[in-house]
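I have placed the structure first, in the form of structure tokens, so that the comments after it can refer back to it.
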Amino acid sequence: MALRLFNTLSRSIEPFVPWDPAGRAVGMYVCGPTVYDFGHIGNFRTFVFADLVRRHLEFRGYAVTHVMNVTDVEDKIIRRVRETGLALAEYTAQYEQAFLEDARTLNLLAPHHRPRATEHIGDIVDLIAKLMAQGFAYQAADGSVYFSIAKYRSAGRRYGVLKTLDLEAMRVGERVAADEYDKESVADFALWKARVPEDGAVFWPSPWGEGRPGWHIECSAMSMRLLGPSFDLHLGGEDLIFPHHEDEIAQSEGAAVQEAGRPFVRHWLHGAHLLVEGRKMSKSLGNFFTIRDLLAKGATGREIRYLLLTAHYREPFNFTLEGLAGARAALGRIDECLGKLRALGGDARAEHEPALVGRFAEALDDDLNISAAWAAVFEWVRDTNRALAEGSLTPAQAAAGRAAWVRVEQVLGVGGPVEEQVPADLVALAEERQAARKAKDFARADALRLTLKTRGWAVEDTPKGPKLKRL
Ligand code: AMP
Ligand code: ZN
């Protein structure tokens, strides 16, 4: 079965087909963090979901170009910059750094491009100029430039492709200047915001006077610059469907830069939100967690990642602290099983490959059915443990099991157990044994082997020299 994904555009599950005629290259844009504060676990649910999409595509042999922007200028950031008195770049750098650290903690693959909005002002201005030329943008009395939904529609274009909107309720010329606006209000939105005193030093020159970009145009400009005017996949949390992504489509397609018949984006994927203890996360409810908060509570990155990966991306996910404890137990079961497989040693042979990999990948092909994918993993753990207990697993089968896990783990990214470090005094004993063997003092060498054994370690003589392995 080929990969199928839900597409917000058609509201249905569709075969995933990239534009690349060779069917291999895939362009994927993920709306990245707004670096005005530390990211919370809801944000990271969406980023872990995007990471799973990328890893599964790569597993299936696609050559993914993954772009994740950094929103480093928008309303909330400007407010904070004003409050703190820091320079824009100084303020955002600390949270961008924190985001990168959290991303590493969760083992998110680094995107191939991480554009910052402030480094693409030229692309943004060019895109607005194209919209002006098409007649879809206008400068209002406040000096700001807005996108005209009425003009766009009267040119036969559709506004409201990702979400059904009540366009009749819209009053022509009604405008919204804020980056985030009421989900129900359909209004002309700001492309370029004229400089106001509250912006402080945050402004750039443009043909329409000094100012700064609106949030929506940033993503249109960066994604098309790096992936071309028409690309395969665009991801974000469900709150971005409207207005952010709807506006991105209007701006990008309104600029008429696509080949005839091609949309801006072919597949739109949106992740459902994360709740905490059944409620919307909020600082005032005291149920707001950053990754750092959870690490301080003793959780590890792999436990958080595991937990965020347990629910299907289109289902709301209820985060609980008990869930984290469950993640630890589940990972412990996998680690224990792998430890036993490692102890059996052996060399993998193709005829022993378990059904795990095929079942796992087919589950993910089905619109990332992660529950079925985990079920394949845990059934494999159960069957393996049973065979281990019966003593019926051969070393070759054990090695094939480990190899299968390595493949599955490339997609899951929850890491294996940390290889146990050999204590330094035992390394010294092993070296002493090796020296005794060289000196042909075999009695001493055997005595040292026994000492190591009583400490729980076996010495294996390999072509690369002796190795210590846990008994
Ligand atoms: P932001 O940093 O606010 O721009 O958001 C970054 C990403 O996190 C976006 O894709 C949002 O849709 C997503 N997001 C925000 N809140 C949540 C949440 N509670 N659960 C899941 N994703 C979220
Ligand atoms: Zn975006």
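So you can find residues: chains in the structure tokens are A, B, ... in the order shown, residues in each start at 1, and ligands are numbered from 1 in order.
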How would you write, as a PyMOL selection string, the set of residues no farther than 9 Å from ligand 1 when counting only C-alpha atoms and all ligand atoms? chain A and resi 30-47+70-71+235-241+270-276+280-281+316-317
Any chance you could list, as a PyMOL selection string, the residues in region 49-240 of chain A that come up strand (DSSP E) when DSSP is run on the backbone? chain A and resi 63-68+137-139+145-147+175-176+188-194+211-213+231-237
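Restricting the calculation to only C-alpha atoms and all ligand atoms, the smallest distance between ligand 2 and any of A:Met68, A:Ala299, A:Leu294, A:Leu233 is found for A:Met68.
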Work out how far CA of Pro18 (chain A) is from CA of Ala103 (chain A), in Å to one decimal.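 Computing the Euclidean distance for CA of Ala103 (chain A) and CA of Pro18 (chain A) yields 26.9 Å.
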Per DSSP on the backbone, filter region 271-448 of chain A down to the residues in helix (DSSP H, G or I) and report them as number ranges by chain. A: 283-285, 291-296, 301-308, 321-344, 350-352, 356-365, 370-390, 395-412, 424-438, 442-448
How about saving the chosen residues, C-alpha atoms kept, as a short mmCIF file (atom, residue, chain, number, x, y, z; two decimals), in the first residue's frame?
data_model
loop_
_atom_site.label_atom_id
_atom_site.label_comp_id
_atom_site.auth_asym_id
_atom_site.auth_seq_id
_atom_site.Cartn_x
_atom_site.Cartn_y
_atom_site.Cartn_z
CA LYS A 283 -0.37 29.71 32.49
CA SER A 284 -3.27 30.84 34.65
CA LEU A 285 -4.56 27.26 35.07
CA ILE A 291 10.17 20.89 27.78
CA ARG A 292 12.45 22.31 30.47
CA ASP A 293 9.68 22.06 33.06
CA LEU A 294 9.33 18.35 32.34
CA LEU A 295 13.09 17.70 32.42
CA ALA A 296 13.13 19.43 35.82
CA GLY A 301 13.65 13.73 26.17
CA ARG A 302 12.92 10.24 24.86
CA GLU A 303 10.07 9.76 27.33
CA ILE A 304 8.49 13.07 26.29
CA ARG A 305 8.97 12.23 22.62
CA TYR A 306 7.48 8.77 23.12
CA LEU A 307 4.45 10.21 24.85
CA LEU A 308 3.90 12.86 22.17
CA LEU A 321 2.08 13.35 34.25
CA GLU A 322 0.91 9.75 34.69
CA GLY A 323 1.28 9.42 30.95
CA LEU A 324 4.95 10.28 31.35
CA ALA A 325 5.37 7.50 33.90
CA GLY A 326 3.69 5.16 31.43
CA ALA A 327 6.15 6.27 28.75
CA ARG A 328 9.04 5.33 30.99
CA ALA A 329 7.57 1.87 31.61
CA ALA A 330 6.89 1.28 27.91
CA LEU A 331 10.39 2.29 26.87
CA GLY A 332 11.75 0.13 29.68
CA ARG A 333 10.03 -2.90 28.13
CA ILE A 334 11.60 -2.20 24.77
CA ASP A 335 15.04 -1.58 26.29
CA GLU A 336 14.91 -4.75 28.34
CA CYS A 337 13.98 -6.85 25.34
CA LEU A 338 16.77 -5.31 23.26
CA GLY A 339 19.25 -5.89 26.06
CA LYS A 340 18.40 -9.59 26.04
CA LEU A 341 18.70 -9.72 22.26
CA ARG A 342 22.10 -8.09 22.49
CA ALA A 343 23.23 -10.65 25.03
CA LEU A 344 22.46 -13.40 22.51
CA ALA A 350 17.79 -12.01 5.90
CA GLU A 351 15.67 -15.13 6.35
CA HIS A 352 15.20 -14.28 10.01
CA LEU A 356 7.91 -5.99 12.50
CA VAL A 357 9.33 -3.62 9.89
CA GLY A 358 6.69 -4.34 7.25
CA ARG A 359 3.78 -4.08 9.66
CA PHE A 360 5.14 -0.92 11.23
CA ALA A 361 5.71 0.87 7.94
CA GLU A 362 2.36 -0.17 6.50
CA ALA A 363 0.61 1.23 9.55
CA LEU A 364 2.31 4.57 9.02
CA ASP A 365 1.46 4.51 5.31
CA ILE A 370 0.77 5.45 14.94
CA SER A 371 -1.37 3.32 17.26
CA ALA A 372 -1.15 0.40 14.83
CA ALA A 373 2.58 1.08 14.42
CA TRP A 374 3.13 0.91 18.20
CA ALA A 375 0.97 -2.20 18.36
CA ALA A 376 3.34 -3.84 15.86
CA VAL A 377 6.28 -2.85 18.08
CA PHE A 378 4.78 -4.16 21.30
CA GLU A 379 3.53 -7.39 19.77
CA TRP A 380 7.04 -7.97 18.51
CA VAL A 381 8.40 -7.29 22.03
CA ARG A 382 5.90 -9.74 23.51
CA ASP A 383 6.65 -12.48 20.95
CA THR A 384 10.38 -11.94 21.34
CA ASN A 385 10.18 -12.13 25.12
CA ARG A 386 8.19 -15.35 24.84
CA ALA A 387 10.77 -16.91 22.52
CA LEU A 388 13.57 -15.74 24.81
CA ALA A 389 11.87 -17.27 27.82
CA GLU A 390 11.44 -20.55 25.94
CA PRO A 395 21.54 -15.78 17.91
CA ALA A 396 20.84 -15.14 14.21
CA GLN A 397 17.18 -14.44 15.01
CA ALA A 398 18.21 -12.19 17.88
CA ALA A 399 20.51 -10.24 15.58
CA ALA A 400 17.76 -9.96 12.95
CA GLY A 401 15.43 -8.63 15.65
CA ARG A 402 17.96 -6.00 16.64
CA ALA A 403 18.43 -5.00 12.99
CA ALA A 404 14.66 -4.67 12.58
CA TRP A 405 14.47 -2.44 15.61
CA VAL A 406 17.22 -0.22 14.21
CA ARG A 407 15.09 0.36 11.09
CA VAL A 408 11.91 1.09 13.05
CA GLU A 409 13.82 3.31 15.42
CA GLN A 410 14.97 5.49 12.50
CA VAL A 411 11.34 6.54 12.16
CA LEU A 412 10.37 6.63 15.83
CA ALA A 424 37.22 1.71 34.54
CA ASP A 425 38.63 -0.83 37.01
CA LEU A 426 37.25 -3.65 34.88
CA VAL A 427 38.80 -2.16 31.76
CA ALA A 428 42.11 -2.20 33.65
CA LEU A 429 41.60 -5.87 34.61
CA ALA A 430 40.85 -6.76 30.99
CA GLU A 431 44.03 -5.00 29.87
CA GLU A 432 46.02 -6.83 32.52
CA ARG A 433 44.56 -10.13 31.26
CA GLN A 434 45.57 -9.24 27.71
CA ALA A 435 49.13 -8.49 28.87
CA ALA A 436 49.24 -11.82 30.74
CA ARG A 437 48.15 -13.67 27.59
CA LYS A 438 50.84 -11.95 25.56
CA PHE A 442 47.66 -18.29 30.88
CA ALA A 443 46.99 -19.15 34.51
CA ARG A 444 46.97 -15.43 35.38
CA ALA A 445 44.87 -14.64 32.29
CA ASP A 446 42.28 -17.26 33.27
CA ALA A 447 42.16 -16.01 36.86
CA LEU A 448 41.49 -12.50 35.60
#
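In this comparison, which uses only C-alpha atoms and all ligand atoms, the residue of A:Phe49, A:Tyr159, A:Tyr62, A:Phe242 approaching ligand 2 most closely is A:Phe242.
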With a distance cut-off of 6 Å and only C-alpha atoms, select the neighbouring residues of Ala194 (chain A), excluding the residue or stretch itself and same-chain residues fewer than 4 positions from it, and output the selection as number ranges by chain. A: 143-144, 211
Find the residues around Trp19 (chain A) up to 10 Å (only C-alpha atoms counted), leave out those fewer than 4 positions away in its own chain, and share them as an mmCIF file with N, CA and C atoms, in the first residue's frame.
data_model
loop_
_atom_site.group_PDB
_atom_site.id
_atom_site.type_symbol
_atom_site.label_atom_id
_atom_site.label_comp_id
_atom_site.auth_asym_id
_atom_site.auth_seq_id
_atom_site.Cartn_x
_atom_site.Cartn_y
_atom_site.Cartn_z
ATOM 1 N N GLY A 23 9.186 11.132 -8.771
ATOM 2 C CA GLY A 23 8.480 10.647 -7.571
ATOM 3 C C GLY A 23 9.363 10.525 -6.352
ATOM 4 N N ARG A 24 10.475 11.279 -6.313
ATOM 5 C CA ARG A 24 11.418 11.086 -5.216
ATOM 6 C C ARG A 24 11.593 12.328 -4.332
ATOM 7 N N ALA A 25 11.799 13.473 -4.973
ATOM 8 C CA ALA A 25 12.062 14.689 -4.192
ATOM 9 C C ALA A 25 10.761 15.218 -3.597
ATOM 10 N N VAL A 26 10.830 15.622 -2.356
ATOM 11 C CA VAL A 26 9.649 16.168 -1.664
ATOM 12 C C VAL A 26 10.042 17.462 -0.965
ATOM 13 N N GLY A 27 9.260 18.503 -1.184
ATOM 14 C CA GLY A 27 9.468 19.759 -0.453
ATOM 15 C C GLY A 27 8.455 19.843 0.674
ATOM 16 N N SER A 230 5.432 26.204 -5.973
ATOM 17 C CA SER A 230 4.441 25.144 -5.809
ATOM 18 C C SER A 230 5.160 23.939 -5.218
ATOM 19 N N PHE A 231 4.815 23.577 -4.008
ATOM 20 C CA PHE A 231 5.550 22.469 -3.385
ATOM 21 C C PHE A 231 4.588 21.461 -2.763
ATOM 22 N N ASP A 232 5.157 20.404 -2.173
ATOM 23 C CA ASP A 232 4.358 19.221 -1.851
ATOM 24 C C ASP A 232 3.575 19.269 -0.543
ATOM 25 N N ARG A 262 -1.309 24.649 -11.172
ATOM 26 C CA ARG A 262 -0.667 24.135 -9.953
ATOM 27 C C ARG A 262 -1.012 24.996 -8.749
ATOM 28 N N ARG A 266 0.375 21.228 -2.425
ATOM 29 C CA ARG A 266 -0.486 20.108 -2.822
ATOM 30 C C ARG A 266 -1.173 19.434 -1.631
#
For Phe147 (chain A), list every protein, DNA or RNA residue within 12 Å, evaluated using only C-alpha atoms, and leave out those in the same chain fewer than 4 positions away; present the list as a PDB file with N, CA, C and O atoms, in the first residue's frame.
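Saved as part14.pdb:
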ATOM      1  N   LEU A 127       7.214  40.016  -2.894  1.00  0.00           N
ATOM      2  CA  LEU A 127       5.923  39.310  -2.997  1.00  0.00           C
ATOM      3  C   LEU A 127       4.760  40.304  -2.877  1.00  0.00           C
ATOM      4  O   LEU A 127       3.771  40.208  -3.625  1.00  0.00           O
ATOM      5  N   ILE A 128       4.894  41.250  -1.960  1.00  0.00           N
ATOM      6  CA  ILE A 128       3.825  42.260  -1.820  1.00  0.00           C
ATOM      7  C   ILE A 128       3.734  43.074  -3.114  1.00  0.00           C
ATOM      8  O   ILE A 128       2.624  43.391  -3.588  1.00  0.00           O
ATOM      9  N   ALA A 129       4.889  43.387  -3.702  1.00  0.00           N
ATOM     10  CA  ALA A 129       4.880  44.155  -4.962  1.00  0.00           C
ATOM     11  C   ALA A 129       4.125  43.372  -6.043  1.00  0.00           C
ATOM     12  O   ALA A 129       3.374  43.957  -6.837  1.00  0.00           O
ATOM     13  N   LYS A 130       4.296  42.065  -6.066  1.00  0.00           N
ATOM     14  CA  LYS A 130       3.582  41.242  -7.064  1.00  0.00           C
ATOM     15  C   LYS A 130       2.075  41.301  -6.811  1.00  0.00           C
ATOM     16  O   LYS A 130       1.277  41.371  -7.751  1.00  0.00           O
ATOM     17  N   LEU A 131       1.710  41.280  -5.535  1.00  0.00           N
ATOM     18  CA  LEU A 131       0.272  41.340  -5.209  1.00  0.00           C
ATOM     19  C   LEU A 131      -0.299  42.704  -5.574  1.00  0.00           C
ATOM     20  O   LEU A 131      -1.448  42.811  -6.026  1.00  0.00           O
ATOM     21  N   MET A 132       0.503  43.736  -5.406  1.00  0.00           N
ATOM     22  CA  MET A 132       0.093  45.092  -5.829  1.00  0.00           C
ATOM     23  C   MET A 132      -0.146  45.084  -7.340  1.00  0.00           C
ATOM     24  O   MET A 132      -1.171  45.582  -7.821  1.00  0.00           O
ATOM     25  N   GLN A 134      -0.877  42.688  -9.250  1.00  0.00           N
ATOM     26  CA  GLN A 134      -2.057  41.886  -9.608  1.00  0.00           C
ATOM     27  C   GLN A 134      -3.359  42.592  -9.203  1.00  0.00           C
ATOM     28  O   GLN A 134      -4.446  42.107  -9.504  1.00  0.00           O
ATOM     29  N   GLY A 135      -3.225  43.654  -8.438  1.00  0.00           N
ATOM     30  CA  GLY A 135      -4.416  44.378  -7.982  1.00  0.00           C
ATOM     31  C   GLY A 135      -5.053  43.787  -6.729  1.00  0.00           C
ATOM     32  O   GLY A 135      -6.180  44.132  -6.373  1.00  0.00           O
ATOM     33  N   PHE A 136      -4.326  42.895  -6.026  1.00  0.00           N
ATOM     34  CA  PHE A 136      -4.904  42.255  -4.834  1.00  0.00           C
ATOM     35  C   PHE A 136      -4.435  42.901  -3.529  1.00  0.00           C
ATOM     36  O   PHE A 136      -4.797  42.440  -2.447  1.00  0.00           O
ATOM     37  N   ALA A 137      -3.564  43.920  -3.645  1.00  0.00           N
ATOM     38  CA  ALA A 137      -3.087  44.586  -2.430  1.00  0.00           C
ATOM     39  C   ALA A 137      -3.298  46.084  -2.578  1.00  0.00           C
ATOM     40  O   ALA A 137      -3.273  46.610  -3.686  1.00  0.00           O
ATOM     41  N   TYR A 138      -3.527  46.746  -1.468  1.00  0.00           N
ATOM     42  CA  TYR A 138      -3.736  48.199  -1.513  1.00  0.00           C
ATOM     43  C   TYR A 138      -3.199  48.832  -0.241  1.00  0.00           C
ATOM     44  O   TYR A 138      -3.137  48.190   0.813  1.00  0.00           O
ATOM     45  N   GLN A 139      -2.802  50.073  -0.361  1.00  0.00           N
ATOM     46  CA  GLN A 139      -2.319  50.787   0.821  1.00  0.00           C
ATOM     47  C   GLN A 139      -3.480  51.579   1.406  1.00  0.00           C
ATOM     48  O   GLN A 139      -4.145  52.339   0.696  1.00  0.00           O
ATOM     49  N   ALA A 140      -3.732  51.383   2.677  1.00  0.00           N
ATOM     50  CA  ALA A 140      -4.860  52.057   3.335  1.00  0.00           C
ATOM     51  C   ALA A 140      -4.396  53.388   3.920  1.00  0.00           C
ATOM     52  O   ALA A 140      -3.203  53.704   3.934  1.00  0.00           O
ATOM     53  N   LYS A 151     -11.225  41.878  -4.017  1.00  0.00           N
ATOM     54  CA  LYS A 151     -10.591  41.914  -5.352  1.00  0.00           C
ATOM     55  C   LYS A 151     -10.173  40.506  -5.779  1.00  0.00           C
ATOM     56  O   LYS A 151     -10.317  40.120  -6.935  1.00  0.00           O
ATOM     57  N   TYR A 152      -9.658  39.791  -4.823  1.00  0.00           N
ATOM     58  CA  TYR A 152      -9.200  38.419  -5.094  1.00  0.00           C
ATOM     59  C   TYR A 152     -10.379  37.576  -5.565  1.00  0.00           C
ATOM     60  O   TYR A 152     -10.304  36.862  -6.558  1.00  0.00           O
ATOM     61  N   ARG A 153     -11.481  37.726  -4.874  1.00  0.00           N
ATOM     62  CA  ARG A 153     -12.664  36.929  -5.223  1.00  0.00           C
ATOM     63  C   ARG A 153     -13.270  37.384  -6.546  1.00  0.00           C
ATOM     64  O   ARG A 153     -13.755  36.563  -7.334  1.00  0.00           O
ATOM     65  N   TYR A 159     -11.430  32.303  -1.705  1.00  0.00           N
ATOM     66  CA  TYR A 159     -10.874  32.502  -0.364  1.00  0.00           C
ATOM     67  C   TYR A 159     -11.755  31.651   0.542  1.00  0.00           C
ATOM     68  O   TYR A 159     -12.974  31.782   0.527  1.00  0.00           O
ATOM     69  N   VAL A 172     -17.231  44.535   2.896  1.00  0.00           N
ATOM     70  CA  VAL A 172     -16.126  44.880   2.002  1.00  0.00           C
ATOM     71  C   VAL A 172     -15.246  45.951   2.631  1.00  0.00           C
ATOM     72  O   VAL A 172     -15.742  46.922   3.192  1.00  0.00           O
ATOM     73  N   GLY A 173     -13.958  45.729   2.547  1.00  0.00           N
ATOM     74  CA  GLY A 173     -13.018  46.739   3.033  1.00  0.00           C
ATOM     75  C   GLY A 173     -12.738  46.651   4.521  1.00  0.00           C
ATOM     76  O   GLY A 173     -11.893  47.371   5.031  1.00  0.00           O
ATOM     77  N   GLU A 174     -13.427  45.749   5.234  1.00  0.00           N
ATOM     78  CA  GLU A 174     -13.146  45.602   6.667  1.00  0.00           C
ATOM     79  C   GLU A 174     -11.723  45.069   6.803  1.00  0.00           C
ATOM     80  O   GLU A 174     -11.324  44.162   6.085  1.00  0.00           O
ATOM     81  N   ARG A 175     -10.993  45.652   7.734  1.00  0.00           N
ATOM     82  CA  ARG A 175      -9.574  45.310   7.797  1.00  0.00           C
ATOM     83  C   ARG A 175      -9.180  44.837   9.184  1.00  0.00           C
ATOM     84  O   ARG A 175      -9.769  45.232  10.174  1.00  0.00           O
ATOM     85  N   VAL A 176      -8.118  44.013   9.198  1.00  0.00           N
ATOM     86  CA  VAL A 176      -7.561  43.607  10.474  1.00  0.00           C
ATOM     87  C   VAL A 176      -6.049  43.794  10.394  1.00  0.00           C
ATOM     88  O   VAL A 176      -5.404  43.347   9.447  1.00  0.00           O
ATOM     89  N   ALA A 177      -5.532  44.494  11.384  1.00  0.00           N
ATOM     90  CA  ALA A 177      -4.102  44.790  11.364  1.00  0.00           C
ATOM     91  C   ALA A 177      -3.313  43.762  12.164  1.00  0.00           C
ATOM     92  O   ALA A 177      -2.148  43.517  11.896  1.00  0.00           O
ATOM     93  N   VAL A 186     -13.712  37.446   8.803  1.00  0.00           N
ATOM     94  CA  VAL A 186     -13.039  37.394   7.518  1.00  0.00           C
ATOM     95  C   VAL A 186     -12.820  38.842   7.121  1.00  0.00           C
ATOM     96  O   VAL A 186     -13.770  39.598   6.972  1.00  0.00           O
ATOM     97  N   ALA A 187     -11.564  39.215   6.998  1.00  0.00           N
ATOM     98  CA  ALA A 187     -11.297  40.625   6.735  1.00  0.00           C
ATOM     99  C   ALA A 187      -9.998  40.753   5.954  1.00  0.00           C
ATOM    100  O   ALA A 187      -9.189  39.826   5.936  1.00  0.00           O
ATOM    101  N   ASP A 188      -9.822  41.895   5.326  1.00  0.00           N
ATOM    102  CA  ASP A 188      -8.561  42.169   4.651  1.00  0.00           C
ATOM    103  C   ASP A 188      -7.467  42.162   5.713  1.00  0.00           C
ATOM    104  O   ASP A 188      -7.610  42.774   6.770  1.00  0.00           O
ATOM    105  N   PHE A 189      -6.387  41.461   5.431  1.00  0.00           N
ATOM    106  CA  PHE A 189      -5.345  41.318   6.456  1.00  0.00           C
ATOM    107  C   PHE A 189      -4.073  42.050   6.017  1.00  0.00           C
ATOM    108  O   PHE A 189      -3.834  42.265   4.820  1.00  0.00           O
ATOM    109  N   ALA A 190      -3.255  42.390   7.000  1.00  0.00           N
ATOM    110  CA  ALA A 190      -2.084  43.239   6.736  1.00  0.00           C
ATOM    111  C   ALA A 190      -0.942  42.443   6.114  1.00  0.00           C
ATOM    112  O   ALA A 190      -0.568  41.373   6.602  1.00  0.00           O
ATOM    113  N   LEU A 191      -0.395  42.990   5.035  1.00  0.00           N
ATOM    114  CA  LEU A 191       0.796  42.417   4.406  1.00  0.00           C
ATOM    115  C   LEU A 191       2.037  43.178   4.892  1.00  0.00           C
ATOM    116  O   LEU A 191       3.067  42.600   5.165  1.00  0.00           O
ATOM    117  N   TRP A 192       1.890  44.488   4.963  1.00  0.00           N
ATOM    118  CA  TRP A 192       2.984  45.365   5.411  1.00  0.00           C
ATOM    119  C   TRP A 192       2.401  46.356   6.403  1.00  0.00           C
ATOM    120  O   TRP A 192       1.422  47.040   6.081  1.00  0.00           O
ATOM    121  N   LYS A 193       2.964  46.405   7.595  1.00  0.00           N
ATOM    122  CA  LYS A 193       2.408  47.275   8.633  1.00  0.00           C
ATOM    123  C   LYS A 193       3.256  48.529   8.753  1.00  0.00           C
ATOM    124  O   LYS A 193       4.460  48.438   9.042  1.00  0.00           O
ATOM    125  N   GLY A 214       3.630  41.613   7.846  1.00  0.00           N
ATOM    126  CA  GLY A 214       2.620  40.865   8.596  1.00  0.00           C
ATOM    127  C   GLY A 214       3.120  39.429   8.732  1.00  0.00           C
ATOM    128  O   GLY A 214       3.988  38.984   7.970  1.00  0.00           O
ATOM    129  N   HIS A 216       1.598  36.505   8.152  1.00  0.00           N
ATOM    130  CA  HIS A 216       1.210  35.533   7.121  1.00  0.00           C
ATOM    131  C   HIS A 216       2.107  35.588   5.889  1.00  0.00           C
ATOM    132  O   HIS A 216       2.486  34.562   5.338  1.00  0.00           O
ATOM    133  N   ILE A 217       2.451  36.806   5.484  1.00  0.00           N
ATOM    134  CA  ILE A 217       3.265  36.951   4.261  1.00  0.00           C
ATOM    135  C   ILE A 217       4.672  36.384   4.465  1.00  0.00           C
ATOM    136  O   ILE A 217       5.327  35.946   3.521  1.00  0.00           O
ATOM    137  N   ASP A 247      -4.587  32.533   4.501  1.00  0.00           N
ATOM    138  CA  ASP A 247      -3.971  33.763   4.002  1.00  0.00           C
ATOM    139  C   ASP A 247      -2.711  33.456   3.188  1.00  0.00           C
ATOM    140  O   ASP A 247      -2.430  34.112   2.174  1.00  0.00           O
ATOM    141  N   GLU A 248      -1.965  32.453   3.630  1.00  0.00           N
ATOM    142  CA  GLU A 248      -0.763  32.058   2.870  1.00  0.00           C
ATOM    143  C   GLU A 248      -1.142  31.647   1.446  1.00  0.00           C
ATOM    144  O   GLU A 248      -0.461  32.004   0.482  1.00  0.00           O
ATOM    145  N   ILE A 249      -2.232  30.882   1.325  1.00  0.00           N
ATOM    146  CA  ILE A 249      -2.654  30.431  -0.006  1.00  0.00           C
ATOM    147  C   ILE A 249      -3.051  31.642  -0.859  1.00  0.00           C
ATOM    148  O   ILE A 249      -2.617  31.777  -2.004  1.00  0.00           O
ATOM    149  N   ALA A 250      -3.861  32.530  -0.280  1.00  0.00           N
ATOM    150  CA  ALA A 250      -4.333  33.695  -1.041  1.00  0.00           C
ATOM    151  C   ALA A 250      -3.153  34.546  -1.518  1.00  0.00           C
ATOM    152  O   ALA A 250      -3.092  34.966  -2.678  1.00  0.00           O
ATOM    153  N   GLN A 251      -2.186  34.753  -0.645  1.00  0.00           N
ATOM    154  CA  GLN A 251      -1.027  35.583  -1.007  1.00  0.00           C
ATOM    155  C   GLN A 251      -0.170  34.911  -2.063  1.00  0.00           C
ATOM    156  O   GLN A 251       0.277  35.541  -3.028  1.00  0.00           O
ATOM    157  N   SER A 252       0.070  33.614  -1.858  1.00  0.00           N
ATOM    158  CA  SER A 252       1.009  32.910  -2.739  1.00  0.00           C
ATOM    159  C   SER A 252       0.389  32.682  -4.109  1.00  0.00           C
ATOM    160  O   SER A 252       1.060  32.856  -5.129  1.00  0.00           O
ATOM    161  N   GLY A 254      -2.227  34.392  -5.242  1.00  0.00           N
ATOM    162  CA  GLY A 254      -2.576  35.711  -5.774  1.00  0.00           C
ATOM    163  C   GLY A 254      -1.418  36.341  -6.536  1.00  0.00           C
ATOM    164  O   GLY A 254      -1.612  37.132  -7.458  1.00  0.00           O
ATOM    165  N   ALA A 255      -0.187  35.982  -6.162  1.00  0.00           N
ATOM    166  CA  ALA A 255       0.986  36.548  -6.841  1.00  0.00           C
ATOM    167  C   ALA A 255       1.176  35.939  -8.223  1.00  0.00           C
ATOM    168  O   ALA A 255       2.009  36.413  -8.999  1.00  0.00           O
TER     169      ALA A 255
END
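Shell of Asp51 (chain A) at 7 Å, with only C-alpha atoms counted and residues fewer than 3 places along the chain excluded, is Phe47, Val48, Arg54, Arg55, Leu108 and Leu109 of chain A.
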The selected residues should be written to file as a CSV table (one decimal), in the first residue's frame (atoms: all heavy atoms).
chain,number,residue,atom,x,y,z
A,47,PHE,N,5.7,19.8,16.4
A,47,PHE,CA,7.0,19.6,15.8
A,47,PHE,C,7.4,18.1,15.8
A,47,PHE,O,8.1,17.7,14.8
A,47,PHE,CB,8.0,20.5,16.5
A,47,PHE,CG,7.7,22.0,16.4
A,47,PHE,CD1,7.8,22.8,17.5
A,47,PHE,CD2,7.3,22.5,15.1
A,47,PHE,CE1,7.6,24.2,17.3
A,47,PHE,CE2,7.0,23.8,15.0
A,47,PHE,CZ,7.1,24.7,16.1
A,48,VAL,N,7.0,17.4,16.8
A,48,VAL,CA,7.3,15.9,16.8
A,48,VAL,C,6.5,15.2,15.6
A,48,VAL,O,7.0,14.4,14.9
A,48,VAL,CB,7.0,15.3,18.1
A,48,VAL,CG1,7.0,13.8,18.1
A,48,VAL,CG2,8.0,15.8,19.2
A,54,ARG,N,8.5,13.6,8.3
A,54,ARG,CA,9.7,13.6,7.6
A,54,ARG,C,10.4,12.2,7.6
A,54,ARG,O,10.9,11.7,6.6
A,54,ARG,CB,10.6,14.7,8.1
A,54,ARG,CG,12.1,14.5,7.6
A,54,ARG,CD,12.9,15.6,7.8
A,54,ARG,NE,14.3,15.2,7.5
A,54,ARG,CZ,15.4,15.9,7.9
A,54,ARG,NH1,15.2,17.0,8.5
A,54,ARG,NH2,16.6,15.4,7.6
A,55,ARG,N,10.5,11.7,8.8
A,55,ARG,CA,11.2,10.4,9.0
A,55,ARG,C,10.6,9.3,8.2
A,55,ARG,O,11.2,8.4,7.7
A,55,ARG,CB,11.3,10.0,10.5
A,55,ARG,CG,12.4,10.9,11.2
A,55,ARG,CD,12.2,10.6,12.7
A,55,ARG,NE,13.1,11.3,13.6
A,55,ARG,CZ,14.3,10.9,14.1
A,55,ARG,NH1,14.7,9.6,13.7
A,55,ARG,NH2,15.0,11.6,14.8
A,108,LEU,N,14.6,15.8,17.4
A,108,LEU,CA,14.0,16.2,16.1
A,108,LEU,C,15.1,16.4,15.1
A,108,LEU,O,16.2,17.0,15.4
A,108,LEU,CB,13.3,17.6,16.3
A,108,LEU,CG,12.2,17.7,17.3
A,108,LEU,CD1,11.6,19.1,17.3
A,108,LEU,CD2,11.1,16.7,17.0
A,109,LEU,N,14.9,15.8,13.9
A,109,LEU,CA,15.9,16.0,12.9
A,109,LEU,C,16.0,17.5,12.5
A,109,LEU,O,15.0,18.2,12.4
A,109,LEU,CB,15.6,15.2,11.6
A,109,LEU,CG,15.5,13.7,11.8
A,109,LEU,CD1,15.1,13.0,10.5
A,109,LEU,CD2,16.8,13.1,12.3
